[in-house]
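> First the structure, which I've put down as structure tokens, then a few questions once you've had a look.
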Amino acid sequence: MEYNNMNVDVGLVVEAVSTDVGDAPLYTVESLCMRCGQNGITRFLFTSIPNFRKILLSAFECIHCSERNNEVQFAGEIQPRGCNYSLKVPSGDPKMLNRQVVKSESATIKIPELDFEIPPEAQRGSLSTVEGILMRAADELQALQEERKKVSPETAEAIDQFLVKLRACATGESSFTFFLDDPAGNSFIENPFTPSSDPSLTLKFYERTPEQQALLGYLVDSTQIAHDEALTGGEAGVSGQVRREPHGSIGAAAGHRAIAQSNSAEIADALFRYTAPEEVMTFPSTCGACATKCETRMFVTNIPYFQEVIVMASTCDACGYRNSELKPGGRIPEKGKRITLHVKNVNDLSRDIIKSDTASVEVPELDLELTSGTLGGVVTTVEGLITKISESLERVHGFTFGDSLEENRKTKWLDFRARLTKLLSLEEPWTLILDDALANSFVAPATDDLKDDKQLMFEEYERSWEQNEELGLNDIDTSSADAAYESANTTKIE
């Protein structure tokens with residue numbers, strides 16, 4: 001058996017996978033076998049998974065002791081948010097078990113019907129199917145059964161009974177729910193109906209907890225702290241507090257004062273620094289890219305025909321990372337809101353849009369539907385939203401095709417991309433629908449009076465119990481706050 005046809009340095013492999021090469025070659029590197037101590041061969045292949053992203057496949061084989069293993073590593077970065085997949089697998093449906101699954105080294109798989117969990121350290125970095133994941137778990141449990149029967153017969157008997165149930169799920173005899181949770185956002189379950197929604201598959205994005213950030217390696221070490229102190233010039237003691245700009249130093253009040261004093265330089269600085277907020281708060285935060293300390297600026301403003309919103313923006317001087325967010329202000333609305341915009345001309349593409357992180361986006365003409373949480377909360381235009389959707393599909397689902405992608409599905413993707421591009425050329429009118437259960441999204445009208453805009457419709461609806469449960473509203477108990485509020489009002493009246 002010949003292995004030395006392409007032995008190269010590991011540095012060359014790293015350099016190859018760091019470039020955007022369409023057809024990357026297969027690299028082989030001599031490496032140590034941890035079982036027998038002899039040298040084996042590790043093969044590297046940089047490839048792209050259809051509807052997902054780029055990965056690095058590595059496979060080790062030792063000709064001396066026949067040791068073999070393989071692993072999937074992600075050639076990209078940790079995603080801004082974690083992802084949670086939920087796949088409902090009915091009994092007697094083998095196609096559902098053949099769905100492709102990518103489990104990163106930080107992902108957890110759960111099957112609640114069996115009270116079964118595959119932790120991140122098990123099957124780490126694996127590329128398989130739903131059936132393959134379950135059968136591998138069953139085989140690993142079965143491997144030590146003989147030893148368990150000698151040491152603890154009761155435990156071995158309980159595991160035998162569990163293996164019967166697990167294999168029944170793996171062969172499609174029993175229905176179950178397959179949960180895949182990854183704080184890094186780099187795991188994946190195939191959707192054969194892409195770009196349309198899948199009734200059996202649910203995808204949700206979420207913000208990572210500090211504990212999950214720590215597990216992913218987002219820790220500030222001493223060198224980062226020293227670097228941050230050097231950047232701030234010894235002002236670290238002040239940055240630990242919320243800093244408020246003096247009222248009237250920016251915005252309209254400062255402009256009026258500068259005009260009264262006839263100071264042209266101050267007029268320019270005051271009027272063009274900010275146009276909306278009277279007060280900007282600054283507080284310390286951590287960069288989501290390099291974990292260095294940075295500052296986040298926040299102000300509250302009121303949008304006509306809409307509501308009060310909170311705008312937050314962060315910049316990192318260390319790595320240049322920028323991020324902006326829009327959060328709703330005020331109380332939670334009693335009803336959800338569905339906004340329908342009929343896009344007919346170029347002016348409609350320039351309409352301002354506020355899409356909250358609880359809003360879903362739908363374009364019926366394309367059979368396109370983005371669930372709530374996709375893209376997060378953004379402030380943009382109609383044209384900007386479609387552009388962001390295209391970029392998101394290209395990054396997350398991908399318009400790149402591997403050699404395993406069927407020809408009909410490749411044609412389907414190319415056709416969808418062409419139709420998505422036609423939306424911005426306005427060859428035909430199309431419809432944009434924003435459905436927000438918290439009514440925190442908004443599309444600007446083209447007329448001074450909202451009622452005169454015939455292309456824009458706002459529809460309120462009662463939220464379902466499931467929507468309230470997902471938003472956490474069913475568990476809110478405000479009785480104590482209501483009692484305190486009524487007591488305070490009664491005291492003032494007396």
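Chain labels run A, B, ... following the order of the structure tokens; each chain numbers its residues from 1, and ligands are numbered from 1 in the order shown.
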When you look at Met457 of chain A with a cut-off of 9 Å (counting only C-alpha atoms), what residues show up, excluding the ones that are within fewer than 4 positions of it in the same chain? I need them as a list of chain:residue names.
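Once the nearby chain positions are removed, what remains is A:Arg338, A:Ile339, A:Thr340, A:Leu341, A:His342, A:Lys451, A:Asp453.
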> Can you list every residue in segment 129-176 of chain A that DSSP puts in alpha helix (DSSP H), as a ChimeraX atom specification?
/A:130-142,145-151,153-170
> Which residues are close to segment 165-172 of chain A, i.e. within 8 Å by only C-alpha atoms, leaving aside same-chain residues fewer than 6 positions away? Reply as a PyMOL selection string.
chain A and resi 90-94+97+114+130-132+134-135+138
> Just the selected residues (all heavy atoms), exported as a CSV table (one decimal), in the first residue's frame, please.

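Result written to out.csv:
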```csv
chain,number,residue,atom,x,y,z
A,90,PRO,N,-41.1,10.8,12.4
A,90,PRO,CA,-42.1,9.8,12.6
A,90,PRO,C,-41.7,8.4,12.3
A,90,PRO,O,-40.6,8.1,11.7
A,90,PRO,CB,-43.2,10.2,11.5
A,90,PRO,CG,-42.3,10.8,10.4
A,90,PRO,CD,-41.1,11.5,11.1
A,91,SER,N,-42.4,7.4,12.8
A,91,SER,CA,-42.1,6.0,12.5
A,91,SER,C,-42.4,5.6,11.1
A,91,SER,O,-43.3,6.2,10.4
A,91,SER,CB,-42.9,5.1,13.5
A,91,SER,OG,-44.3,5.3,13.3
A,92,GLY,N,-41.6,4.7,10.5
A,92,GLY,CA,-41.8,4.2,9.2
A,92,GLY,C,-41.4,5.2,8.1
A,92,GLY,O,-42.0,5.1,7.0
A,93,ASP,N,-40.5,6.1,8.3
A,93,ASP,CA,-40.1,7.1,7.3
A,93,ASP,C,-38.6,7.0,7.2
A,93,ASP,O,-37.9,7.8,7.9
A,93,ASP,CB,-40.6,8.5,7.7
A,93,ASP,CG,-40.3,9.5,6.5
A,93,ASP,OD1,-39.7,9.1,5.5
A,93,ASP,OD2,-40.8,10.6,6.7
A,94,PRO,N,-38.0,6.1,6.4
A,94,PRO,CA,-36.6,6.0,6.3
A,94,PRO,C,-35.9,7.2,5.7
A,94,PRO,O,-34.7,7.5,6.0
A,94,PRO,CB,-36.4,4.8,5.3
A,94,PRO,CG,-37.7,4.7,4.6
A,94,PRO,CD,-38.8,5.2,5.5
A,97,LEU,N,-34.5,9.5,8.3
A,97,LEU,CA,-33.3,9.0,9.0
A,97,LEU,C,-32.1,9.2,8.2
A,97,LEU,O,-31.0,9.2,8.7
A,97,LEU,CB,-33.5,7.5,9.3
A,97,LEU,CG,-34.6,7.1,10.3
A,97,LEU,CD1,-34.8,5.6,10.4
A,97,LEU,CD2,-34.3,7.7,11.7
A,114,LEU,N,-36.4,9.2,25.0
A,114,LEU,CA,-35.6,8.1,25.6
A,114,LEU,C,-34.8,8.7,26.8
A,114,LEU,O,-34.0,7.9,27.5
A,114,LEU,CB,-34.6,7.6,24.6
A,114,LEU,CG,-35.2,6.9,23.4
A,114,LEU,CD1,-34.1,6.4,22.4
A,114,LEU,CD2,-36.1,5.8,23.7
A,130,VAL,N,-28.9,11.0,10.6
A,130,VAL,CA,-29.6,10.8,11.9
A,130,VAL,C,-29.5,9.3,12.3
A,130,VAL,O,-29.2,9.0,13.5
A,130,VAL,CB,-31.1,11.1,11.7
A,130,VAL,CG1,-31.9,10.8,13.0
A,130,VAL,CG2,-31.3,12.6,11.4
A,131,GLU,N,-29.7,8.4,11.3
A,131,GLU,CA,-29.5,7.0,11.6
A,131,GLU,C,-28.1,6.6,12.0
A,131,GLU,O,-27.8,5.9,13.0
A,131,GLU,CB,-29.9,6.2,10.4
A,131,GLU,CG,-29.7,4.7,10.6
A,131,GLU,CD,-29.9,3.9,9.3
A,131,GLU,OE1,-30.1,4.5,8.2
A,131,GLU,OE2,-29.9,2.6,9.3
A,132,GLY,N,-27.1,7.2,11.4
A,132,GLY,CA,-25.7,7.0,11.7
A,132,GLY,C,-25.3,7.4,13.1
A,132,GLY,O,-24.6,6.7,13.8
A,134,LEU,N,-27.3,7.7,15.7
A,134,LEU,CA,-27.9,6.8,16.7
A,134,LEU,C,-27.3,5.4,16.7
A,134,LEU,O,-27.1,4.8,17.8
A,134,LEU,CB,-29.4,6.7,16.4
A,134,LEU,CG,-30.2,8.0,16.5
A,134,LEU,CD1,-31.7,7.7,16.3
A,134,LEU,CD2,-30.0,8.7,17.8
A,135,MET,N,-27.0,4.9,15.5
A,135,MET,CA,-26.4,3.5,15.5
A,135,MET,C,-25.0,3.6,16.1
A,135,MET,O,-24.6,2.6,16.8
A,135,MET,CB,-26.3,3.0,14.0
A,135,MET,CG,-27.7,2.7,13.4
A,135,MET,SD,-28.6,1.5,14.4
A,135,MET,CE,-27.5,0.0,14.1
A,138,ALA,N,-25.4,3.5,19.8
A,138,ALA,CA,-25.8,2.2,20.2
A,138,ALA,C,-24.6,1.2,20.2
A,138,ALA,O,-24.4,0.4,21.2
A,138,ALA,CB,-26.9,1.6,19.4
```
> One decimal, in Å: what's the spacing between atom CA of Glu469 of chain A and atom CA of Lys204 of chain A?
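Value for the atom CA of Glu469 of chain A-atom CA of Lys204 of chain A distance: 14.4 Å.
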> Show which residues sit within 10 Å of Val379 of chain A, as a CSV table (one decimal) with C-alpha atoms, in the first residue's frame. Count only C-alpha atoms, and ignore same-chain residues fewer than 4 positions away.

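Result file is part21.csv:
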```csv
chain,number,residue,atom,x,y,z
A,311,VAL,CA,-30.4,51.8,19.6
A,324,SER,CA,-25.4,47.5,16.1
A,325,GLU,CA,-28.7,46.4,17.5
A,326,LEU,CA,-32.2,47.8,17.8
A,352,ASP,CA,-37.1,52.1,5.9
A,353,ILE,CA,-37.6,48.8,7.7
A,354,ILE,CA,-37.2,47.9,11.3
A,355,LYS,CA,-37.1,44.1,11.7
A,356,SER,CA,-36.9,42.9,15.3
A,384,GLY,CA,-31.1,46.2,2.2
A,385,LEU,CA,-33.2,43.5,3.7
A,441,SER,CA,-41.3,45.6,13.6
A,442,PHE,CA,-42.1,48.5,11.3
```
> Which of these residues is nearest to Thr387 of chain A, using only C-alpha atoms: A:Ala418, A:Leu370, A:Leu424, A:Ala289?
A:Leu424
> Calculate how many Å separate atom CA of Asp357 of chain A from atom CA of Ile332 of chain A, rounding to one decimal.
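About the pair atom CA of Asp357 of chain A and atom CA of Ile332 of chain A: they are 14.2 Å apart.
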> With distances taken over only C-alpha atoms, which residue among A:Asp477, A:Glu117, A:Glu71, A:Glu61 lies nearest Ser31 of chain A?
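Using only C-alpha atoms, Ser31 of chain A sits closest to A:Glu61.
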> Please provide as a list in words all residues within 9 Å of Ala184 of chain A, with the sequence filter that same-chain residues fewer than 5 positions apart are discarded (counting only C-alpha atoms).
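Residues meeting the cut-off are Glu77, Ile78, Gln79, Pro80, Arg81, Gly82, Cys83, Ser104, Ser106, Ala107, Arg208, Gln212, Gln213 and Leu216 of chain A.
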